[in-house]
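A.B. asks: Coordinates in entry-v3.txt, compact mmCIF, C-alpha atoms, are listed below.
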# COMPACT_ATOMS: atom_id res chain seq x y z
CA MET X 13 201.43 115.72 199.31
CA ASN X 14 198.26 117.15 200.87
CA TYR X 15 197.63 120.83 200.29
CA TYR X 16 196.89 122.21 203.76
CA PRO X 17 199.33 120.00 205.76
CA THR X 18 202.14 120.91 203.37
CA LEU X 19 201.48 124.63 203.78
CA ALA X 20 201.23 124.22 207.56
CA ILE X 21 204.64 122.50 207.67
CA LEU X 22 206.13 125.27 205.52
CA LEU X 23 204.72 127.89 207.87
CA TRP X 24 206.08 126.04 210.92
CA GLY X 25 209.56 126.12 209.36
CA TYR X 26 209.19 129.80 208.53
CA MET X 27 208.16 130.79 212.06
CA SER X 28 210.88 128.59 213.58
CA LEU X 29 213.46 130.39 211.43
CA TRP X 30 212.25 133.73 212.75
CA PHE X 31 212.51 132.41 216.30
CA VAL X 32 216.19 131.69 215.63
CA ILE X 33 216.56 135.21 214.21
CA SER X 34 215.00 136.60 217.39
CA LEU X 35 217.61 134.77 219.47
CA LEU X 36 220.44 136.16 217.37
CA LYS X 37 219.06 139.71 217.51
CA ARG X 38 217.93 139.35 221.15
CA ARG X 39 214.55 140.91 220.41
CA ASN X 40 211.22 139.21 219.94
CA ASP X 41 209.54 142.03 218.07
CA VAL X 42 211.01 140.68 214.82
CA ALA X 43 207.89 138.49 214.96
CA ASP X 44 205.90 141.56 213.90
CA VAL X 45 208.02 141.87 210.75
CA ALA X 46 207.64 138.14 210.08
CA TRP X 47 203.85 138.47 210.38
CA GLY X 48 203.20 140.38 207.16
CA MET X 49 205.76 138.50 205.08
CA GLY X 50 204.32 135.17 206.26
CA PHE X 51 201.05 135.94 204.49
CA VAL X 52 202.93 136.70 201.28
CA LEU X 53 204.82 133.41 201.56
CA LEU X 54 201.61 131.41 202.02
CA ALA X 55 199.76 133.22 199.26
CA TRP X 56 202.29 132.57 196.51
CA THR X 57 203.39 129.15 197.70
CA SER X 58 199.78 127.95 197.70
CA PHE X 59 199.24 129.53 194.28
CA PHE X 60 202.16 127.80 192.58
CA PHE X 61 201.86 124.60 194.65
CA TRP X 62 198.39 124.02 193.21
CA GLY X 63 199.30 124.84 189.62
CA GLY X 64 199.32 128.65 189.56
CA ARG X 65 196.11 129.21 187.65
CA GLY X 66 193.31 131.73 187.64
CA THR X 67 192.78 135.47 187.75
CA ARG X 68 191.31 135.29 191.25
CA GLY X 69 194.49 133.71 192.66
CA VAL X 70 196.70 136.33 191.03
CA VAL X 71 194.51 139.16 192.35
CA ALA X 72 194.47 137.70 195.87
CA GLY X 73 198.24 137.22 195.80
CA ILE X 74 198.82 140.81 194.73
CA LEU X 75 196.49 142.21 197.40
CA VAL X 76 198.12 140.15 200.15
CA SER X 77 201.61 141.03 198.91
CA VAL X 78 200.93 144.77 198.86
CA TRP X 79 199.42 144.62 202.35
CA GLY X 80 201.98 142.24 203.88
CA LEU X 81 205.14 143.81 202.46
CA ARG X 82 204.02 147.35 203.29
CA LEU X 83 203.21 146.31 206.85
CA ALA X 84 206.51 144.45 207.30
CA TRP X 85 208.52 147.41 206.01
CA HIS X 86 206.56 149.88 208.12
CA ILE X 87 207.19 147.88 211.31
CA HIS X 88 210.85 147.34 210.42
CA THR X 89 211.49 151.07 209.90
CA ARG X 90 209.47 151.94 213.02
CA ASN X 91 211.50 149.59 215.24
CA ARG X 92 214.92 150.22 213.69
CA GLY X 93 217.35 151.75 216.15
CA LYS X 94 214.90 151.52 219.07
CA ALA X 95 214.58 149.25 222.07
CA GLU X 96 212.47 146.13 221.86
CA ASP X 97 208.71 146.79 221.72
CA TYR X 98 207.19 147.35 225.18
CA ARG X 99 204.91 144.28 224.90
CA TYR X 100 207.79 141.91 224.34
CA LEU X 101 209.90 143.59 226.99
CA ALA X 102 207.12 143.01 229.51
CA TRP X 103 206.92 139.32 228.56
CA ARG X 104 210.69 139.02 228.81
CA ARG X 105 210.46 140.14 232.43
CA GLU X 106 207.35 138.11 233.27
CA TRP X 107 208.43 134.80 231.77
CA GLY X 108 211.83 134.63 233.47
CA ARG X 109 213.58 131.28 232.98
CA TRP X 110 210.74 130.06 230.75
CA PHE X 111 211.27 132.96 228.37
CA TYR X 112 212.68 131.01 225.41
CA ALA X 113 210.17 128.16 225.55
CA ARG X 114 207.21 130.48 225.96
CA SER X 115 208.50 132.80 223.24
CA TYR X 116 208.67 129.94 220.76
CA VAL X 117 205.21 128.63 221.62
CA GLN X 118 203.25 131.78 222.48
CA VAL X 119 204.84 134.21 220.05
CA TYR X 120 206.03 132.25 217.03
CA LEU X 121 203.98 129.05 216.90
CA LEU X 122 200.79 130.77 218.03
CA GLN X 123 201.24 133.58 215.54
CA GLY X 124 201.89 130.99 212.85
CA ALA X 125 198.62 129.21 213.67
CA LEU X 126 196.68 132.48 213.61
CA LEU X 127 198.40 133.49 210.38
CA PHE X 128 197.25 130.22 208.81
CA LEU X 129 193.63 130.78 209.88
CA ILE X 130 193.56 134.37 208.65
CA SER X 131 195.02 133.27 205.30
CA LEU X 132 192.17 130.83 204.66
CA PRO X 133 190.42 133.00 202.03
CA VAL X 134 193.60 133.03 199.94
CA LEU X 135 194.31 129.34 200.50
CA VAL X 136 190.76 128.42 199.48
CA ILE X 137 191.07 130.54 196.34
CA ASN X 138 194.33 128.88 195.30
CA ARG X 139 193.03 125.38 195.93
CA SER X 140 189.99 125.83 193.70
CA ALA X 141 189.48 126.18 189.99
CA SER X 142 189.46 129.84 189.05
CA GLY X 143 185.87 130.33 187.95
CA THR X 144 184.57 133.68 186.75
CA PHE X 145 185.85 136.81 188.44
CA GLY X 146 182.47 138.41 189.06
CA PHE X 147 180.92 141.62 190.32
CA LEU X 148 181.07 140.59 193.99
CA ASN X 149 184.78 139.84 193.65
CA GLY X 150 185.29 143.31 192.18
CA ILE X 151 183.51 144.79 195.19
CA GLY X 152 185.97 142.85 197.35
CA VAL X 153 188.90 144.55 195.63
CA GLY X 154 187.22 147.92 196.21
CA VAL X 155 186.71 147.13 199.90
CA TRP X 156 190.35 146.07 200.15
CA LEU X 157 191.49 149.34 198.53
CA PHE X 158 189.44 151.36 201.02
CA GLY X 159 190.99 149.46 203.93
CA PHE X 160 194.49 149.76 202.50
CA VAL X 161 194.21 153.52 202.18
CA PHE X 162 192.86 153.78 205.73
CA GLU X 163 195.66 151.66 207.22
CA SER X 164 198.55 153.13 205.25
CA VAL X 165 197.44 156.75 205.70
CA GLY X 166 196.86 156.17 209.42
CA ASP X 167 200.32 154.65 209.81
CA ALA X 168 201.91 157.48 207.82
CA GLU X 169 200.16 160.13 209.93
CA LEU X 170 201.35 158.52 213.14
CA ALA X 171 204.93 158.10 211.89
CA ARG X 172 205.04 161.74 210.81
CA PHE X 173 203.57 162.88 214.13
CA VAL X 174 206.09 160.92 216.20
CA LYS X 175 209.04 162.29 214.23
CA GLN X 176 208.21 165.90 215.13
CA PRO X 177 210.08 166.93 218.33
CA LEU X 178 207.29 169.40 219.21
CA ASN X 179 204.85 166.49 219.48
CA LYS X 180 206.80 164.69 222.19
CA GLY X 181 204.42 163.78 225.00
CA LYS X 182 201.37 164.61 222.89
CA LEU X 183 198.57 162.37 221.61
CA LEU X 184 197.76 162.27 217.90
CA GLN X 185 194.16 163.42 217.43
CA ASP X 186 194.15 164.78 213.87
CA GLY X 187 193.70 163.31 210.40
CA LEU X 188 192.10 159.87 210.40
CA TRP X 189 192.83 159.68 214.12
CA ARG X 190 190.10 162.28 214.58
CA TYR X 191 187.46 159.79 213.43
CA THR X 192 188.70 156.60 215.08
CA ARG X 193 191.29 155.89 217.75
CA HIS X 194 192.72 153.07 215.64
CA PRO X 195 192.49 153.82 211.89
CA ASN X 196 195.33 151.42 211.07
CA TYR X 197 193.60 148.52 212.81
CA PHE X 198 190.30 149.40 211.18
CA GLY X 199 191.95 149.41 207.75
CA GLU X 200 193.63 146.07 208.36
CA VAL X 201 190.37 144.38 209.29
CA VAL X 202 188.56 145.89 206.29
CA GLN X 203 191.24 144.59 203.92
CA TRP X 204 190.76 141.00 205.05
CA TRP X 205 187.00 141.24 204.66
CA GLY X 206 187.67 142.50 201.14
CA ILE X 207 189.92 139.51 200.39
CA TRP X 208 187.18 137.22 201.70
CA LEU X 209 184.74 138.78 199.22
CA VAL X 210 187.24 137.92 196.47
CA ALA X 211 187.11 134.30 197.72
CA LEU X 212 183.34 134.06 197.35
CA GLY X 213 182.34 132.10 194.29
CA VAL X 214 184.84 129.26 194.80
CA PRO X 215 184.12 126.07 196.79
CA GLY X 216 184.73 126.75 200.48
CA GLY X 217 184.50 130.52 200.04
CA TRP X 218 181.88 130.94 202.75
CA PHE X 219 183.84 128.70 205.11
CA ALA X 220 186.88 130.97 204.60
CA MET X 221 185.01 133.63 206.59
CA ILE X 222 187.03 132.16 209.49
CA GLY X 223 189.94 134.27 208.23
CA PRO X 224 188.50 137.78 208.57
CA LEU X 225 186.57 136.77 211.69
CA THR X 226 189.83 135.67 213.33
CA ILE X 227 191.68 138.91 212.67
CA THR X 228 188.62 140.96 213.68
CA ILE X 229 188.40 139.19 217.04
CA LEU X 230 192.17 139.41 217.58
CA ILE X 231 192.26 143.14 216.98
CA LEU X 232 189.06 144.02 218.82
CA LYS X 233 189.30 141.68 221.80
CA VAL X 234 192.77 140.18 222.24
CA SER X 235 196.15 141.55 221.22
CA GLY X 236 195.36 144.65 219.19
CA ILE X 237 193.16 147.38 220.58
CA PRO X 238 192.91 146.19 224.23
CA MET X 239 196.70 146.21 224.74
CA LEU X 240 197.19 149.53 223.01
CA GLU X 241 194.25 151.18 224.76
CA LYS X 242 195.72 150.15 228.12
CA LYS X 243 198.96 151.91 227.21
CA MET X 244 197.20 154.96 225.76
CA ALA X 245 195.10 155.32 228.91
CA GLU X 246 198.24 156.44 230.75
CA HIS X 247 198.26 159.67 228.72
CA PRO X 248 196.55 162.62 230.46
CA ASP X 249 194.67 163.61 227.28
CA PHE X 250 193.36 160.14 226.54
CA ALA X 251 190.14 160.30 228.58
CA GLU X 252 188.90 163.36 226.68
CA TYR X 253 190.06 161.94 223.35
CA ALA X 254 188.30 158.63 224.07
CA ARG X 255 185.12 160.44 225.10
CA ARG X 256 184.67 162.11 221.72
CA THR X 257 186.35 159.59 219.37
CA ARG X 258 185.10 156.13 218.51
CA VAL X 259 187.40 153.25 219.37
CA PHE X 260 187.20 151.39 216.04
CA LEU X 261 184.50 152.23 213.48
CA PRO X 262 185.19 155.71 212.07
CA TRP X 263 182.63 158.44 212.70
CA PHE X 264 182.51 162.16 213.20
CA PRO X 265 183.87 163.14 216.63
CA GLY X 266 181.41 163.93 219.39
CA ARG X 267 181.41 167.13 221.37
With the file now loaded, output its structure as structure tokens.
C.D. replies:
Amino acid sequence: MNYYPTLAILLWGYMSLWFVISLLKRRNDVADVAWGMGFVLLAWTSFFFWGGRGTRGVVAGILVSVWGLRLAWHIHTRNRGKAEDYRYLAWRREWGRWFYARSYVQVYLLQGALLFLISLPVLVINRSASGTFGFLNGIGVGVWLFGFVFESVGDAELARFVKQPLNKGKLLQDGLWRYTRHPNYFGEVVQWWGIWLVALGVPGGWFAMIGPLTITILILKVSGIPMLEKKMAEHPDFAEYARRTRVFLPWFPGR
């Protein structure tokens, strides 16, 4: 069987299963939990499907697994015991009688397609002979580690802030959130650029830039920062916070 079509079919089945789970749980935000684990599934399936060889493939699989499983667990614990995420609730109201069809296509199948594109660095690695794990690949691991720390610390700071009753109605502006309004998104993007650097040196490595470019565009222009900024703008302190804090790239706050 062909490498990429086989993985695409596997991913279609995986996302379809999560659509069924969403129907049983009556909440579409389970797609956010499926997101991270889907990358882990593709990484290791592609590794073993193509013979399971090479240091680069093992390293890429570990990096994706640490990122994907941490993200899935973080989202699961964040959503547990709460109402469905506000984005999905809004779509539930907007889509009306077309809710189920549009959920399957626009939430699960579309996310599956984007997941496949973003995973390209890992898929290219696992399809190629290992080659030498060089200096540039080591830099990629370092970049990934920097992004992972940024994302996980940012998420932890926000989770801790939200749990404090005294912070109800307040806007987090300390820690990493002092330097960027979206440290978790910044860290996520950086990690995928790091994984792409690990992919350089194998055939198709440059082409796999599609992966980090896709997630960068998604977060900056589509479903990440724009949607969250719109919600944050409702907070009375947001205008001042936005005036002195960069939206994405971290930097010292302005006066």
A.B. asks: Please compute the CA of Gly63 in chain X-CA of Ser131 in chain X distance, one decimal, in Å.
C.D. replies: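 Between these atoms lies a distance of 18.3 Å.
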A.B. asks: Show me the residues around (194.2, 140.6, 189.3) - criterion: an atom at most 12 Å away, all atoms listed in the file counted - as a PyMOL selection string.
C.D. replies: chain X and resi 65-76+142+145-146+149-150+152-153+207+210
A.B. asks: Provide the CA of Ile222 in chain X to CA of Val202 in chain X distance in Å, to one decimal place.
C.D. replies: 14.2 Å
A.B. asks: What is the distance between CA of Gly217 in chain X and CA of Ser58 in chain X, in Å to one decimal?
C.D. replies: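 Going from CA of Gly217 in chain X over to CA of Ser58 in chain X, I get 15.7 Å.
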A.B. asks: Give me, as a PyMOL selection string, all polymer residues having an atom no more than 8 Å from Asn40 in chain X, counting only C-alpha atoms and skipping those fewer than 5 positions away in the same chain.
C.D. replies: chain X and resi 31+34-35+96+100+115
A.B. asks: I'd like to know which of X:Val161, X:Ala211, X:Val78, X:Leu83 is closest to Asp44 in chain X, using all atoms listed in the file.
C.D. replies: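 Among the listed residues, X:Leu83 lies closest to Asp44 in chain X.
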A.B. asks: Which one of X:Val136, X:Ala55, X:Val174, X:Leu261 sits closest to Trp218 in chain X if you count only C-alpha atoms?
C.D. replies: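 Looking only at the distances to Trp218 in chain X, the closest residue turns out to be X:Val136.
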A.B. asks: Using all atoms listed in the file, what table do you get, as JSON lines, when you list each residue of range 99-123 of chain X with an atom no more than 12 Å from range 230-247 of chain X, its nearest pair of atoms, and their distance in Å rounded to one decimal, rows by chain then rising number?
C.D. replies:
{"residue": "X:Arg99", "atom": "CA", "partner": "X:Met239", "partner_atom": "CA", "distance": 8.4}
{"residue": "X:Tyr100", "atom": "CA", "partner": "X:Met239", "partner_atom": "CA", "distance": 11.9}
{"residue": "X:Ala102", "atom": "CA", "partner": "X:Met239", "partner_atom": "CA", "distance": 11.9}
{"residue": "X:Val119", "atom": "CA", "partner": "X:Ser235", "partner_atom": "CA", "distance": 11.4}
{"residue": "X:Gln123", "atom": "CA", "partner": "X:Leu230", "partner_atom": "CA", "distance": 11.0}
A.B. asks: Given the choices X:Trp205, X:Tyr120, X:Leu135, X:Ala20, which gets closest to Ile33 in chain X if the distance is worked out from all atoms listed in the file?
C.D. replies: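 For Ile33 in chain X, the nearest of the given residues is X:Tyr120.
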A.B. asks: Around all of range 51-56 of chain X's listed atoms, make the axis-aligned box with 8 Å on each side and tell me centre and edge lengths in Å to one decimal, as AutoDock Vina command-line options.
C.D. replies:
--center_x 202.3 --center_y 134.1 --center_z 200.5 --size_x 21.1 --size_y 21.3 --size_z 24.0
A.B. asks: Check the smallest atom-to-atom distance from each of X:Arg82, X:Val117, X:Trp110, X:Lys182 to Trp24 in chain X using only C-alpha atoms, then report the winner.
C.D. replies: X:Val117
